[in-house]
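A.B. asks: So here's protein.tsv, just TSV, C-alpha atoms and all ligand atoms:
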chain	number	residue	atom	x	y	z
Z	1	MET	CA	-38.44	-116.30	-55.93
Z	2	SER	CA	-41.26	-114.02	-54.86
Z	3	LEU	CA	-43.17	-112.63	-57.79
Z	4	GLY	CA	-44.77	-109.77	-55.90
Z	5	GLY	CA	-48.36	-111.03	-55.61
Z	6	SER	CA	-51.44	-110.89	-57.79
Z	7	LEU	CA	-51.04	-107.18	-58.55
Z	8	TYR	CA	-48.51	-108.18	-61.18
Z	9	TRP	CA	-50.35	-111.11	-62.79
Z	10	TYR	CA	-51.85	-110.58	-66.21
Z	11	LYS	CA	-53.32	-112.54	-69.08
Z	12	VAL	CA	-51.36	-112.48	-72.33
Z	13	PRO	CA	-52.86	-112.83	-75.81
Z	14	LEU	CA	-51.94	-116.17	-77.40
Z	15	GLY	CA	-51.12	-117.07	-81.01
Z	16	ARG	CA	-48.29	-114.73	-81.98
Z	17	ARG	CA	-46.39	-116.03	-85.02
Z	18	ASP	CA	-42.68	-116.15	-84.16
Z	19	ALA	CA	-39.53	-116.90	-86.15
Z	20	ARG	CA	-38.01	-120.40	-86.13
Z	21	THR	CA	-34.50	-118.92	-85.97
Z	22	ALA	CA	-32.75	-116.28	-83.86
Z	23	SER	CA	-30.12	-113.74	-84.94
Z	24	LYS	CA	-27.56	-112.39	-82.49
Z	25	ASP	CA	-26.63	-109.58	-84.92
Z	26	ALA	CA	-30.26	-108.50	-85.38
Z	27	ALA	CA	-30.77	-108.55	-81.61
Z	28	ASN	CA	-27.63	-106.49	-81.01
Z	29	SER	CA	-28.62	-103.91	-83.62
Z	30	ASN	CA	-32.16	-103.53	-82.23
Z	31	LEU	CA	-31.65	-103.68	-78.46
Z	32	PRO	CA	-30.46	-100.43	-76.89
Z	33	PRO	CA	-27.06	-100.61	-75.13
Z	34	PRO	CA	-26.76	-99.58	-71.45
Z	35	PHE	CA	-24.65	-96.51	-72.25
Z	36	PHE	CA	-27.45	-94.83	-74.24
Z	37	SER	CA	-28.67	-91.37	-73.21
Z	38	PHE	CA	-32.34	-90.65	-72.59
Z	39	PRO	CA	-32.92	-89.20	-76.11
Z	40	GLN	CA	-31.21	-92.26	-77.65
Z	41	LEU	CA	-33.29	-94.68	-75.56
Z	42	LEU	CA	-36.49	-92.87	-76.48
Z	43	ALA	CA	-35.60	-92.80	-80.19
Z	44	ASN	CA	-34.85	-96.54	-80.08
Z	45	PHE	CA	-38.23	-97.30	-78.48
Z	46	GLN	CA	-40.07	-94.96	-80.86
Z	47	ALA	CA	-38.46	-96.71	-83.84
Z	48	HIS	CA	-40.33	-99.81	-82.64
Z	49	GLY	CA	-43.65	-98.04	-82.16
Z	50	LEU	CA	-43.20	-97.67	-78.40
Z	51	ASP	CA	-43.46	-94.36	-76.52
Z	52	LEU	CA	-42.01	-92.62	-73.49
Z	53	LYS	CA	-44.41	-94.28	-71.06
Z	54	ASP	CA	-43.55	-97.70	-72.52
Z	55	LEU	CA	-39.84	-96.92	-72.03
Z	56	VAL	CA	-40.23	-96.00	-68.36
Z	57	ALA	CA	-42.74	-98.75	-67.53
Z	58	LEU	CA	-40.89	-101.56	-69.36
Z	59	SER	CA	-37.55	-100.59	-67.80
Z	60	GLY	CA	-39.24	-101.60	-64.53
Z	61	ALA	CA	-38.54	-105.19	-65.65
Z	62	HIS	CA	-35.15	-104.45	-64.07
Z	63	THR	CA	-36.89	-105.06	-60.73
Z	64	ILE	CA	-35.46	-108.59	-61.15
Z	65	GLY	CA	-32.34	-110.05	-62.72
Z	66	PHE	CA	-28.65	-109.30	-62.89
Z	67	ALA	CA	-26.16	-107.34	-64.96
Z	68	GLN	CA	-22.51	-108.06	-65.72
Z	69	CYS	CA	-19.80	-105.67	-64.52
Z	70	SER	CA	-18.90	-104.76	-68.13
Z	71	THR	CA	-22.37	-103.20	-68.52
Z	72	PHE	CA	-22.13	-100.85	-65.50
Z	73	ARG	CA	-18.34	-100.31	-65.01
Z	74	ASN	CA	-18.27	-96.96	-66.75
Z	75	ARG	CA	-21.22	-95.78	-64.63
Z	76	ILE	CA	-19.69	-96.61	-61.25
Z	77	TYR	CA	-16.29	-95.07	-62.08
Z	78	ASN	CA	-17.20	-92.11	-64.33
Z	79	ASP	CA	-20.86	-91.06	-64.01
Z	80	THR	CA	-21.71	-88.00	-61.91
Z	81	ASN	CA	-25.46	-88.68	-61.57
Z	82	ILE	CA	-24.75	-91.49	-59.05
Z	83	ASP	CA	-24.78	-91.74	-55.24
Z	84	PRO	CA	-21.04	-91.97	-54.30
Z	85	THR	CA	-21.63	-94.54	-51.52
Z	86	PHE	CA	-23.60	-96.70	-53.93
Z	87	ALA	CA	-20.84	-96.38	-56.55
Z	88	SER	CA	-18.06	-97.40	-54.15
Z	89	SER	CA	-20.09	-100.32	-52.76
Z	90	LEU	CA	-20.15	-101.78	-56.27
Z	91	GLN	CA	-16.47	-101.28	-57.02
Z	92	GLY	CA	-15.49	-104.41	-55.04
Z	93	THR	CA	-17.60	-106.62	-57.30
Z	94	CYS	CA	-16.66	-104.65	-60.39
Z	95	PRO	CA	-12.98	-103.64	-60.45
Z	96	LYS	CA	-11.57	-101.10	-62.93
Z	97	SER	CA	-10.12	-103.94	-64.96
Z	98	GLY	CA	-11.00	-107.62	-64.98
Z	99	GLY	CA	-14.10	-109.31	-63.55
Z	100	ASP	CA	-16.12	-108.38	-66.65
Z	101	SER	CA	-18.77	-111.01	-66.03
Z	102	ASN	CA	-19.12	-110.46	-62.26
Z	103	LEU	CA	-22.79	-109.96	-61.46
Z	104	SER	CA	-24.76	-107.38	-59.53
Z	105	PRO	CA	-28.55	-107.31	-59.13
Z	106	LEU	CA	-30.32	-104.66	-61.22
Z	107	ASP	CA	-32.52	-103.94	-58.16
Z	108	ARG	CA	-30.22	-104.19	-55.14
Z	109	VAL	CA	-33.00	-103.48	-52.61
Z	110	THR	CA	-35.24	-106.44	-53.49
Z	111	PRO	CA	-33.33	-108.43	-56.19
Z	112	SER	CA	-35.84	-111.25	-56.57
Z	113	ARG	CA	-39.11	-109.46	-55.90
Z	114	VAL	CA	-41.28	-107.73	-58.49
Z	115	ASP	CA	-42.03	-104.38	-56.88
Z	116	THR	CA	-41.33	-100.65	-57.29
Z	117	SER	CA	-37.99	-100.35	-55.46
Z	118	TYR	CA	-36.25	-100.17	-58.87
Z	119	TYR	CA	-37.91	-96.74	-59.25
Z	120	SER	CA	-37.27	-95.60	-55.64
Z	121	SER	CA	-33.57	-96.32	-56.19
Z	122	LEU	CA	-33.55	-94.03	-59.23
Z	123	LEU	CA	-34.84	-91.18	-57.03
Z	124	SER	CA	-31.70	-91.55	-54.87
Z	125	LYS	CA	-29.30	-91.90	-57.85
Z	126	ARG	CA	-28.88	-95.60	-57.22
Z	127	GLY	CA	-29.76	-96.98	-60.64
Z	128	LEU	CA	-27.31	-99.73	-61.65
Z	129	LEU	CA	-27.14	-99.04	-65.39
Z	130	HIS	CA	-26.47	-95.65	-66.92
Z	131	SER	CA	-29.64	-96.24	-69.00
Z	132	ASP	CA	-31.66	-96.84	-65.80
Z	133	GLN	CA	-30.55	-93.56	-64.26
Z	134	GLU	CA	-31.22	-91.69	-67.51
Z	135	LEU	CA	-34.94	-92.12	-66.72
Z	136	PHE	CA	-34.61	-89.92	-63.63
Z	137	LYS	CA	-32.34	-86.88	-63.57
Z	138	GLY	CA	-34.32	-84.61	-61.22
Z	139	ASP	CA	-34.93	-82.09	-64.02
Z	140	GLY	CA	-38.72	-82.20	-63.85
Z	141	SER	CA	-39.08	-84.02	-67.18
Z	142	GLU	CA	-42.04	-86.20	-68.12
Z	143	SER	CA	-39.83	-89.23	-67.50
Z	144	ASP	CA	-38.99	-87.95	-63.98
Z	145	SER	CA	-42.72	-87.64	-63.23
Z	146	LEU	CA	-43.40	-91.23	-64.31
Z	147	VAL	CA	-40.50	-92.57	-62.20
Z	148	LYS	CA	-41.88	-90.68	-59.18
Z	149	LEU	CA	-45.41	-91.96	-59.85
Z	150	TYR	CA	-44.30	-95.61	-60.17
Z	151	SER	CA	-42.05	-95.36	-57.09
Z	152	ARG	CA	-44.99	-94.52	-54.86
Z	153	ASN	CA	-47.84	-96.25	-56.70
Z	154	PRO	CA	-47.40	-100.00	-57.38
Z	155	PHE	CA	-50.88	-100.12	-58.92
Z	156	ALA	CA	-49.96	-97.48	-61.54
Z	157	PHE	CA	-46.74	-99.35	-62.32
Z	158	ALA	CA	-48.50	-102.72	-62.59
Z	159	THR	CA	-51.25	-101.30	-64.84
Z	160	ASP	CA	-48.84	-99.55	-67.21
Z	161	PHE	CA	-46.30	-102.41	-67.22
Z	162	LYS	CA	-48.93	-104.96	-68.25
Z	163	ALA	CA	-50.29	-102.69	-71.03
Z	164	SER	CA	-46.78	-102.03	-72.37
Z	165	MET	CA	-45.84	-105.74	-72.26
Z	166	ILE	CA	-48.90	-106.59	-74.37
Z	167	LYS	CA	-48.09	-103.72	-76.75
Z	168	MET	CA	-44.50	-105.00	-77.08
Z	169	GLY	CA	-45.78	-108.54	-77.65
Z	170	ASN	CA	-47.88	-107.28	-80.57
Z	171	MET	CA	-44.90	-105.66	-82.32
Z	172	LYS	CA	-44.29	-106.74	-85.93
Z	173	PRO	CA	-45.58	-110.32	-85.72
Z	174	LEU	CA	-44.91	-112.63	-88.67
Z	175	THR	CA	-48.03	-113.19	-90.77
Z	176	GLY	CA	-49.45	-115.73	-93.24
Z	177	ASN	CA	-47.37	-118.88	-93.35
Z	178	ALA	CA	-44.15	-117.24	-92.11
Z	179	GLY	CA	-42.69	-118.67	-88.93
Z	180	GLU	CA	-44.96	-120.55	-86.56
Z	181	ILE	CA	-47.13	-120.28	-83.47
Z	182	ARG	CA	-45.12	-122.04	-80.80
Z	183	VAL	CA	-46.69	-124.80	-78.74
Z	184	ASN	CA	-44.19	-124.04	-75.99
Z	185	CYS	CA	-43.11	-120.37	-76.06
Z	186	ARG	CA	-39.60	-121.29	-74.85
Z	187	LYS	CA	-38.71	-123.35	-77.92
Z	188	VAL	CA	-39.43	-123.85	-81.61
Z	189	ASN	CA	-41.96	-126.56	-82.43
N	201	LIG	C1	-34.54	-99.45	-71.82
N	201	LIG	C2	-33.57	-100.08	-72.42
N	201	LIG	C3	-32.88	-101.26	-71.81
N	201	LIG	C4	-31.55	-101.40	-71.66
N	201	LIG	C5	-30.47	-100.41	-72.10
N	201	LIG	C6	-31.32	-102.68	-71.01
N	201	LIG	C7	-30.08	-103.19	-70.68
N	201	LIG	C8	-29.87	-104.35	-69.95
N	201	LIG	C9	-28.57	-104.87	-69.60
N	201	LIG	C10	-27.23	-104.25	-70.01
N	201	LIG	C11	-28.76	-105.97	-68.85
N	201	LIG	C12	-27.68	-106.88	-68.25
N	201	LIG	C13	-27.28	-107.90	-69.31
N	201	LIG	C14	-25.98	-108.60	-68.98
N	201	LIG	O1	-25.22	-108.13	-68.12
N	201	LIG	O2	-25.71	-109.65	-69.59
N	201	LIG	C15	-30.18	-106.19	-68.74
N	201	LIG	C16	-30.77	-107.23	-68.06
N	201	LIG	C17	-32.13	-107.45	-68.04
N	201	LIG	N1	-33.11	-106.75	-68.71
N	201	LIG	FE1	-32.83	-104.99	-69.67
N	201	LIG	N2	-32.53	-103.30	-70.78
N	201	LIG	C18	-33.51	-102.48	-71.26
N	201	LIG	C19	-34.86	-102.74	-71.28
N	201	LIG	C20	-35.43	-103.92	-70.83
N	201	LIG	C21	-36.80	-104.31	-71.07
N	201	LIG	C22	-37.80	-103.51	-71.91
N	201	LIG	C23	-36.99	-105.50	-70.44
N	201	LIG	C24	-38.23	-106.37	-70.39
N	201	LIG	C25	-39.47	-105.89	-70.44
N	201	LIG	C26	-35.74	-105.84	-69.79
N	201	LIG	C27	-35.54	-106.96	-69.00
N	201	LIG	C28	-34.33	-107.33	-68.46
N	201	LIG	C29	-34.14	-108.45	-67.54
N	201	LIG	C30	-35.25	-109.35	-66.98
N	201	LIG	C31	-32.77	-108.54	-67.27
N	201	LIG	C32	-32.04	-109.53	-66.36
N	201	LIG	C33	-31.61	-110.75	-67.14
N	201	LIG	C34	-30.99	-111.83	-66.25
N	201	LIG	O3	-30.77	-111.65	-65.05
N	201	LIG	O4	-30.70	-112.91	-66.80
N	201	LIG	N3	-34.82	-104.87	-70.06
N	201	LIG	N4	-30.84	-105.17	-69.42
Here is a file; write its structure as structure tokens.
C.D. replies:
Amino acid sequence: MSLGGSLYWYKVPLGRRDARTASKDAANSNLPPPFFSFPQLLANFQAHGLDLKDLVALSGAHTIGFAQCSTFRNRIYNDTNIDPTFASSLQGTCPKSGGDSNLSPLDRVTPSRVDTSYYSSLLSKRGLLHSDQELFKGDGSESDSLVKLYSRNPFAFATDFKASMIKMGNMKPLTGNAGEIRVNCRKVN
């Protein structure tokens, strides 16, 4: 996998205290679903101390990875803010019924490269998730301006993405003796 070069490397602060357990219910009640509107996405981020720029910059993580059909089916059959050719090209992989876990890349242009094509696709109504496309509606909003900026300026995207990732990593850490600082961030000690 190509990671997009040194523009996207950054140093992360170490020593965050994390929980020793995970909760699916807590995750599901905190993570925004893909059918959220822009105001709902923004409210969700704000409830966690994140702002509009964090929302647009962090969504750029969808420059890599995949989504299951069940998360974008409604968009490709019912949304109007979508390029019709793009919508029909996805309908083979994601039929009206069945195939719920069939995968499509979140960034179809460069699925395994960290770059700004995720944002360029939004300009042409080719965002995979409804929540992706909510960031760009062509209505001249602040969110529209950021999508345009990131689509043409990888340096601006990289700078803001790194800052927002560090901000997100500093959200509500456990303190005192609660939890633990992991030796390997992928698993509990
Ligand atoms: C803005 C609100 C967001 C929504 C509504 C959202 C929604 C989703 C959905 C529905 C998927 C596909 C999951 C599946 O089909 O199983 C996904 C995948 C992914 N998301 Fe997000 N996401 C959001 C923000 C973020 C943020 C902030 C990050 C990280 C900074 C992120 C990183 C990823 C990655 C890397 C994948 C691909 C996972 C894989 O391929 O295994 N997303 N997201």
A.B. asks: Neighbours of region 151-168 of chain Z within 7 Å (only C-alpha atoms; same-chain residues fewer than 4 positions away dropped), as a list of chain:residue names?
C.D. replies: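 Result of the neighbour search: Z:Leu7, Z:Tyr8, Z:Tyr10, Z:Val12, Z:Asp54, Z:Ala57, Z:Leu58, Z:Asp115, Z:Thr116, Z:Ser117, Z:Tyr119, Z:Ser120, Z:Val147.
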A.B. asks: Using all atoms listed in the file, pick whichever of Z:Gly15, Z:Gly60, Z:Pro39, Z:Gly179 has the shortest atom-to-atom distance to ligand LIG 201 (chain N).
C.D. replies: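 The closest residue to ligand LIG 201 (chain N) is Z:Gly60.
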A.B. asks: Need to verify the contact set: region 77-94 of chain Z, 10 Å, only C-alpha atoms, exclusion of same-chain residues closer than 5 positions in sequence. Can you return it as a list in words?
C.D. replies: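 Surrounding residues, per the criterion: Gln68, Cys69, Ser70, Phe72, Gly99, Asp100, Ser101, Asn102, Leu103, Ser104, Ser121, Leu122, Ser124, Lys125, Arg126, Gly127, Leu128, His130, Gln133, Glu134, Phe136, Lys137 and Gly138 of chain Z.
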A.B. asks: List as an MDAnalysis selection string the protein and nucleic acid residues lying within 8 Å of ligand LIG 201 (chain N), with all atoms listed in the file counted.
C.D. replies: chainID Z and resid 31:36 41 45 55:56 58:72 101 103 105:106 129 131:132 165
A.B. asks: Which distance in Å separates CA of Asn74 (chain Z) and CA of Tyr118 (chain Z), to one decimal?
C.D. replies: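 Result for CA of Asn74 (chain Z) versus CA of Tyr118 (chain Z): 19.9 Å, one decimal.
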A.B. asks: So, with only C-alpha atoms as the atoms that count, which of Z:Ser97, Z:Lys53, Z:Leu135, Z:Leu174 lies closest to Phe38 (chain Z)?
C.D. replies: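 For Phe38 (chain Z), the nearest of the candidates is Z:Leu135.
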A.B. asks: Kindly indicate which residue among Z:Arg20, Z:Gly169, Z:Ala47, Z:Leu52 lies nearest to Asp144 (chain Z), using only C-alpha atoms for the distances.
C.D. replies: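 For Asp144 (chain Z), the nearest of the given residues is Z:Leu52.
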A.B. asks: Record the distance separating CA of Asp25 (chain Z) and CA of Thr175 (chain Z), expressed in Å with one decimal.
C.D. replies: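 Separation of CA of Asp25 (chain Z) and CA of Thr175 (chain Z): 22.5 Å.
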A.B. asks: Let me make sure I understand: among Z:Lys172, Z:Lys96, Z:Arg182, Z:Lys187, which one has the smallest atom-to-atom distance to Gly49 (chain Z) if we use all atoms listed in the file?
C.D. replies: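 Using all atoms listed in the file, Gly49 (chain Z) sits closest to Z:Lys172.
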A.B. asks: Could you jot down the CA of Pro13 (chain Z) to CA of Arg113 (chain Z) separation for me, Å, one decimal place?
C.D. replies: 24.4 Å
A.B. asks: Might you pull out every residue within 12 Å of Val183 (chain Z), with only C-alpha atoms counted and same-chain residues fewer than 4 positions away left off, and present them as a PDB file with C-alpha atoms, in the frame of the given file?
C.D. replies:
ATOM      1  CA  LEU Z  14     -51.940-116.170 -77.400  1.00  0.00           C
ATOM      2  CA  GLY Z  15     -51.120-117.070 -81.010  1.00  0.00           C
ATOM      3  CA  ARG Z  16     -48.290-114.730 -81.980  1.00  0.00           C
ATOM      4  CA  ARG Z  17     -46.390-116.030 -85.020  1.00  0.00           C
ATOM      5  CA  ASP Z  18     -42.680-116.150 -84.160  1.00  0.00           C
ATOM      6  CA  LYS Z 187     -38.710-123.350 -77.920  1.00  0.00           C
ATOM      7  CA  VAL Z 188     -39.430-123.850 -81.610  1.00  0.00           C
ATOM      8  CA  ASN Z 189     -41.960-126.560 -82.430  1.00  0.00           C
TER       9      ASN Z 189
END
